[in-house]
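Contents: one structure, followed by commentary.
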Amino acid sequence: MPIAFSSMVQYNSTVHNQIPRSIKSIPLPASTFIEAVKKCFLQFYFLDRIMAGKVKWVTDIEKSVLINNFEKRGWVQVSENEDWNFYWMSVQTIRNVFSVETGYRLSDDQIVNHFPNHYELTRKDLMVKNIKRYRKELEKEGSPLAEKDENGKYLYLEFRKNPSSTWIMKPCGKAQGKGIFLINKLSQIKKWSRDSKTSTFISQSSKEAYVISLYINNPLLIGGKKFDLRLYVLVSTYRPLRCYMYKLGFCRFCTVKYTPSTSELDNMFVHLTNVAIQKHGDDYNHIHGGKWTVSNLRLYLESTRGKEVTNKLFDEIHWIIVQSLKAVAPVMNNDKHCFECYGYDIIIDDKLKPWLIEVNASPSLTSSTANDRILKYNLINDTLNIAVPNGEIPDCKWNKSPPKEALGHYEILYDEEMAQSEVSDRDLRSRSGQSIGLKGTRTRETGKSGPLTWK
């Protein structure tokens with residue numbers, strides 16, 4: 001005979017209320033119906049309990065190196081409209097998350113992979129502006145970092161200037177070599193600007209700002225080819241600044257031998273190292289992708305230039321990165337829900353002097369070779385181990401200082417709290433007449449051996 005659902009199940013009124021009225025009087029034996037409902041209820045109950053302890057993730061970047069890392073940890077994928085703990089998002093999405101009009105308040109168990117105004121570092125024009133402001137502040141403070149030579153040229157935080165050289169034009173908000181071109185006369189800018197204004201293919205609203213910078217026309221060459229470095233830097237907090245250098249960076253080589261000849265200014269296979277450009281060249285090697293590991297570069301330089309000179313070069317590269325982060329730290333929105341993995345592009349000239357080209361907020365996670373895929377998989381794995389310790393639900397109240405064994409292929413590049421503590425300790429011992437006893441390294445401030453300044 002028909003049975004009333006409410007008369008047999010009394011342990012959970014919520015389940016009862018969710019059953020449609022048409023189902024509440026199905027003519028089934030009471031025992032069969034009760035067991036079916038119990039089984040259904042228990043399945044939902046235990047599924048909810050299992051989900052409760054798992055990190056719920058979302059991404060709008062469909063890359064296997066990301067998804068495989070999330071799945072390896074047993075994290076649960078949800079949609080952006082559901083409750084989530086971890087969101088690996090594009091720079092376009094982060095604008096919406098923190099937008100005054102459309103954004104929303106993040107809870108303590110939610111983290112994202114960008115700082116709200118990362119563009120202070122990753123937009124080429126804003127990066128230059130912030131570094132110049134930082135330099136002026138150091139000059140007012142009388143810092144040795146703002147020291148000038150007898151010609152009034154900054155010794156350290158310098159921008160190369162030479163009106164008769166080759167110049168490179170880059171759109172401020174683009175990457176992968178898009179929109180870049182070279183000129184060797186400043187008057188060519190006027191022609192380019194005039195032509196772009198009269199172009200029927202470009203609307204006035206779609207035009208964007210460009211930054212013009214001196215082209216490094218004496219790059220260090222290996223095998224006659226130009227290359228640059230792609231280095232990964234993870235920032236967990238800007239105030240206090242704490243950043244990590246990934247040890248498995250790589251060099252990107254051009255496919256055509258370098259020439260400073262003005263007749264080859266339009267040949268991007270000679271001048272631009274971006275894989276997005278070089279992979280279309282006739283001489284592109286799909287096996288190694290025109291890439292060298294940083295460790296191989298280091299071995300090459302040690303064997304050809306000497307170990308001391310090579311160590312100095314990499315010290316200066318680290319110094320450039322730290323100073324660029326210090327330059328933007330005061331203006332960066334240091335939201336506790338954020339971390340960021342930047343892609344730094346560095347070029348080395350033939351005098352082994354490093355130059356910062358640009359900083360990428362979303363370094364490519366596309367794999368061009370098998371080794372490239374392994375590198376980027378490990379990069380994401382090590383990044384997640386620092387950003388989400390033990391793969392557990394995030395807690396933004398955590399001090400973001402993981403143990404050394406959790407760093408993987410990362411190493412501490414700069415820890416502001418540790419640096420301030422060392423300075424205080426050094427000053428205290430100096431006043432008391434004690435020896436410092438700290439491991440020494442070269443410093444930019446003095447050029448002499450001194451206490452650690454960024455590690």
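Naming scheme: A, B, ... for chains in displayed order of the structure tokens; residues 1 onward per chain; ligands 1 onward as shown.
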If DSSP is run on the backbone, what residues of segment 234-369 of chain A are alpha helix (DSSP H)? A reply as an NGL selection string would be ideal.
:A and (268-271 or 275-278 or 294-304 or 307-328)
Within 12 Å of segment 286-288 of chain A using only C-alpha atoms, minus same-chain residues under 5 positions, as a list in words:
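Counting only the stated atoms, we get Phe250, Cys251, Arg252, Phe253, Thr255, Val275, Gln278, Lys279, His280, Gly281, Thr293, Ser367, Ser368, Thr369, Ala370, Asn371, Asp372 and Arg373 of chain A.
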File of the preceding selection, N, CA and C atoms, as a compact mmCIF listing (two decimals), in the first residue's frame:
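Contents of result.txt, freshly written:
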# COMPACT_ATOMS: atom_id res chain seq x y z
N PHE A 250 65.92 29.46 -17.60
CA PHE A 250 66.52 29.03 -18.86
C PHE A 250 66.87 30.22 -19.75
N CYS A 251 67.69 29.95 -20.76
CA CYS A 251 68.06 30.95 -21.78
C CYS A 251 67.24 30.67 -23.03
N ARG A 252 66.84 31.75 -23.72
CA ARG A 252 66.11 31.62 -24.98
C ARG A 252 66.96 32.21 -26.10
N PHE A 253 67.27 31.40 -27.10
CA PHE A 253 68.16 31.83 -28.17
C PHE A 253 67.39 32.19 -29.45
N THR A 255 67.17 32.17 -33.55
CA THR A 255 67.50 31.11 -34.50
C THR A 255 68.48 31.58 -35.57
N VAL A 275 59.91 32.87 -27.76
CA VAL A 275 59.61 31.59 -28.42
C VAL A 275 58.41 31.74 -29.36
N GLN A 278 60.24 32.96 -32.45
CA GLN A 278 61.28 32.09 -32.99
C GLN A 278 60.75 30.75 -33.51
N LYS A 279 59.65 30.25 -32.95
CA LYS A 279 59.14 28.94 -33.38
C LYS A 279 58.64 28.95 -34.83
N HIS A 280 58.47 30.14 -35.40
CA HIS A 280 58.05 30.24 -36.80
C HIS A 280 59.24 30.35 -37.75
N GLY A 281 60.46 30.37 -37.20
CA GLY A 281 61.65 30.47 -38.04
C GLY A 281 62.00 29.16 -38.71
N THR A 293 69.51 25.59 -20.19
CA THR A 293 69.25 25.82 -18.77
C THR A 293 70.22 26.86 -18.22
N SER A 367 54.08 24.51 -23.08
CA SER A 367 55.32 23.73 -23.17
C SER A 367 55.72 23.55 -24.62
N SER A 368 56.93 23.99 -24.96
CA SER A 368 57.41 23.87 -26.34
C SER A 368 58.20 22.58 -26.56
N THR A 369 58.71 21.98 -25.48
CA THR A 369 59.45 20.72 -25.57
C THR A 369 59.12 19.86 -24.34
N ALA A 370 59.59 18.61 -24.36
CA ALA A 370 59.36 17.72 -23.22
C ALA A 370 60.04 18.26 -21.96
N ASN A 371 61.27 18.73 -22.11
CA ASN A 371 62.00 19.29 -20.95
C ASN A 371 61.31 20.55 -20.43
N ASP A 372 60.75 21.32 -21.35
CA ASP A 372 60.04 22.54 -20.98
C ASP A 372 58.81 22.19 -20.14
N ARG A 373 58.11 21.14 -20.52
CA ARG A 373 56.92 20.73 -19.78
C ARG A 373 57.29 20.28 -18.36
Excluding Ile180 of chain A and any residue of its chain fewer than 4 positions from it, enumerate the residues within 9 Å of it, using only C-alpha atoms, and give them as a ChimeraX atom specification.
/A:168-171,268,272
Please produce an output containing N, CA and C atoms for each residue in the selection, written as a CSV table (one decimal), in the first residue's frame.
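Result file is again33.csv:
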chain,number,residue,atom,x,y,z
A,168,ILE,N,64.3,50.3,-29.3
A,168,ILE,CA,63.2,49.3,-29.5
A,168,ILE,C,61.9,49.8,-28.9
A,169,MET,N,60.9,49.7,-29.7
A,169,MET,CA,59.5,50.2,-29.4
A,169,MET,C,58.7,49.0,-28.9
A,170,LYS,N,58.1,49.1,-27.7
A,170,LYS,CA,57.3,48.0,-27.2
A,170,LYS,C,56.0,48.5,-26.7
A,171,PRO,N,54.9,47.9,-27.0
A,171,PRO,CA,53.6,48.3,-26.4
A,171,PRO,C,53.6,47.9,-24.9
A,268,MET,N,63.1,39.9,-37.1
A,268,MET,CA,62.9,39.6,-35.7
A,268,MET,C,63.5,38.3,-35.2
A,272,LEU,N,64.7,39.3,-31.6
A,272,LEU,CA,63.8,39.0,-30.5
A,272,LEU,C,63.9,37.5,-30.1
Need to verify the contact set: Tyr87 of chain A, 12 Å, only C-alpha atoms, exclusion of same-chain residues closer than 3 positions in sequence. Can you return it as a PyMOL selection string?
chain A and resi 55-61+66-67+70+75-84+90-91+93-94+97+106+109-114+337-339+384+387-388+394
With N, CA and C atoms kept, could you save the residues just selected as a compact mmCIF listing (two decimals), in the first residue's frame?
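After the write, again_36.txt holds the following:
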# COMPACT_ATOMS: atom_id res chain seq x y z
N VAL A 55 40.92 21.20 -0.77
CA VAL A 55 41.01 22.51 -1.39
C VAL A 55 40.15 22.51 -2.66
N LYS A 56 39.29 23.49 -2.78
CA LYS A 56 38.45 23.61 -3.98
C LYS A 56 39.09 24.65 -4.91
N TRP A 57 39.39 24.24 -6.13
CA TRP A 57 40.13 25.10 -7.03
C TRP A 57 39.34 25.49 -8.27
N VAL A 58 39.74 26.64 -8.82
CA VAL A 58 39.18 27.17 -10.06
C VAL A 58 40.33 27.73 -10.88
N THR A 59 40.22 27.65 -12.19
CA THR A 59 41.18 28.34 -13.06
C THR A 59 40.50 28.71 -14.37
N ASP A 60 40.92 29.82 -14.94
CA ASP A 60 40.45 30.18 -16.27
C ASP A 60 41.59 30.06 -17.28
N ILE A 61 42.65 29.35 -16.86
CA ILE A 61 43.79 29.09 -17.74
C ILE A 61 43.93 27.57 -17.87
N LEU A 66 49.10 23.06 -14.83
CA LEU A 66 48.30 23.53 -13.68
C LEU A 66 47.37 22.44 -13.19
N ILE A 67 46.52 21.95 -14.11
CA ILE A 67 45.47 21.00 -13.73
C ILE A 67 46.06 19.72 -13.16
N PHE A 70 47.00 20.29 -9.58
CA PHE A 70 45.84 20.36 -8.70
C PHE A 70 45.30 18.96 -8.43
N TRP A 75 42.87 17.85 -4.97
CA TRP A 75 41.99 19.01 -4.84
C TRP A 75 40.75 18.81 -5.71
N VAL A 76 39.70 19.52 -5.38
CA VAL A 76 38.41 19.35 -6.04
C VAL A 76 38.12 20.57 -6.91
N GLN A 77 37.81 20.32 -8.18
CA GLN A 77 37.48 21.42 -9.09
C GLN A 77 36.04 21.87 -8.89
N VAL A 78 35.84 23.16 -8.82
CA VAL A 78 34.50 23.75 -8.72
C VAL A 78 34.42 24.90 -9.72
N SER A 79 33.24 25.46 -9.87
CA SER A 79 33.09 26.60 -10.76
C SER A 79 33.34 27.89 -9.99
N GLU A 80 33.56 28.97 -10.72
CA GLU A 80 33.86 30.24 -10.07
C GLU A 80 32.67 30.78 -9.28
N ASN A 81 31.48 30.27 -9.55
CA ASN A 81 30.29 30.71 -8.83
C ASN A 81 30.06 29.93 -7.54
N GLU A 82 30.86 28.88 -7.32
CA GLU A 82 30.77 28.10 -6.10
C GLU A 82 31.82 28.59 -5.09
N ASP A 83 31.77 28.05 -3.89
CA ASP A 83 32.78 28.37 -2.89
C ASP A 83 34.10 27.75 -3.31
N TRP A 84 35.13 28.55 -3.44
CA TRP A 84 36.45 28.05 -3.82
C TRP A 84 37.51 28.55 -2.83
N SER A 90 43.77 34.58 -14.80
CA SER A 90 44.46 35.46 -15.73
C SER A 90 44.47 36.89 -15.18
N VAL A 91 45.29 37.74 -15.78
CA VAL A 91 45.38 39.12 -15.31
C VAL A 91 44.08 39.87 -15.60
N THR A 93 41.04 38.53 -15.30
CA THR A 93 40.09 38.13 -14.26
C THR A 93 40.40 38.81 -12.93
N ILE A 94 41.68 39.00 -12.62
CA ILE A 94 42.04 39.59 -11.33
C ILE A 94 41.49 41.01 -11.24
N VAL A 97 37.97 40.63 -9.98
CA VAL A 97 37.89 40.17 -8.59
C VAL A 97 38.08 41.33 -7.62
N LEU A 106 37.14 38.73 -0.34
CA LEU A 106 37.65 37.37 -0.19
C LEU A 106 37.71 36.99 1.28
N ASP A 109 40.07 31.90 3.77
CA ASP A 109 40.46 30.61 3.20
C ASP A 109 40.49 30.66 1.67
N GLN A 110 40.68 31.87 1.11
CA GLN A 110 40.76 32.03 -0.33
C GLN A 110 42.03 32.77 -0.72
N ILE A 111 42.75 32.25 -1.73
CA ILE A 111 43.94 32.94 -2.23
C ILE A 111 43.93 32.93 -3.75
N VAL A 112 44.60 33.91 -4.33
CA VAL A 112 44.69 34.06 -5.79
C VAL A 112 46.15 34.30 -6.18
N ASN A 113 46.46 34.13 -7.45
CA ASN A 113 47.85 34.13 -7.91
C ASN A 113 48.34 35.46 -8.47
N HIS A 114 47.63 36.57 -8.19
CA HIS A 114 48.10 37.89 -8.61
C HIS A 114 47.81 38.90 -7.51
N HIS A 337 45.60 37.88 0.55
CA HIS A 337 45.09 36.74 -0.20
C HIS A 337 45.92 36.44 -1.45
N CYS A 338 47.01 37.18 -1.65
CA CYS A 338 47.72 37.12 -2.93
C CYS A 338 49.15 36.63 -2.81
N PHE A 339 49.59 36.00 -3.88
CA PHE A 339 51.00 35.71 -4.14
C PHE A 339 51.18 35.89 -5.64
N LEU A 384 53.12 26.01 -5.59
CA LEU A 384 51.97 25.63 -4.76
C LEU A 384 52.40 25.18 -3.37
N ALA A 387 52.86 28.51 -1.60
CA ALA A 387 51.64 29.31 -1.47
C ALA A 387 50.55 28.59 -0.68
N VAL A 388 50.48 27.26 -0.81
CA VAL A 388 49.46 26.46 -0.12
C VAL A 388 50.17 25.35 0.63
N PRO A 394 43.81 27.00 2.47
CA PRO A 394 44.63 28.18 2.80
C PRO A 394 44.14 28.90 4.06
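As for atom CA of Phe269 of chain A and atom CA of Leu356 of chain A, they are spaced 20.6 Å apart.
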Could you give me, as a list in words, each residue of segment 245-361 of chain A that DSSP assigns to strand (DSSP E) when run on this structure's backbone?
Met245, Tyr246, Phe250, Cys251, Arg252, Phe253, Lys291, Trp292, Thr293, Glu340, Cys341, Tyr342, Gly343, Tyr344, Asp345, Ile346, Ile347, Ile348, Pro354, Trp355, Leu356, Ile357, Glu358, Val359 and Asn360 of chain A
Leaving out Leu379 of chain A and any residue of its chain fewer than 4 positions from it, which residues lie within 8 Å of it when counting only C-alpha atoms, given as a ChimeraX atom specification?
/A:246,375,383,409
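Proximity ranking of A:Tyr410, A:Phe181, A:Tyr104, A:Phe86 relative to Asn378 of chain A places A:Tyr410 first, based on only C-alpha atoms.
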Closest pair table for segment 347-406 of chain A residues within 12 Å of segment 127-146 of chain A, only C-alpha atoms, as a tab-separated table:
residue	atom	partner	partner_atom	distance
A:Leu356	CA	A:Val128	CA	10.6
A:Ile357	CA	A:Met127	CA	10.5
A:Glu358	CA	A:Met127	CA	8.3
A:Val359	CA	A:Met127	CA	8.6
A:Asn360	CA	A:Met127	CA	11.2
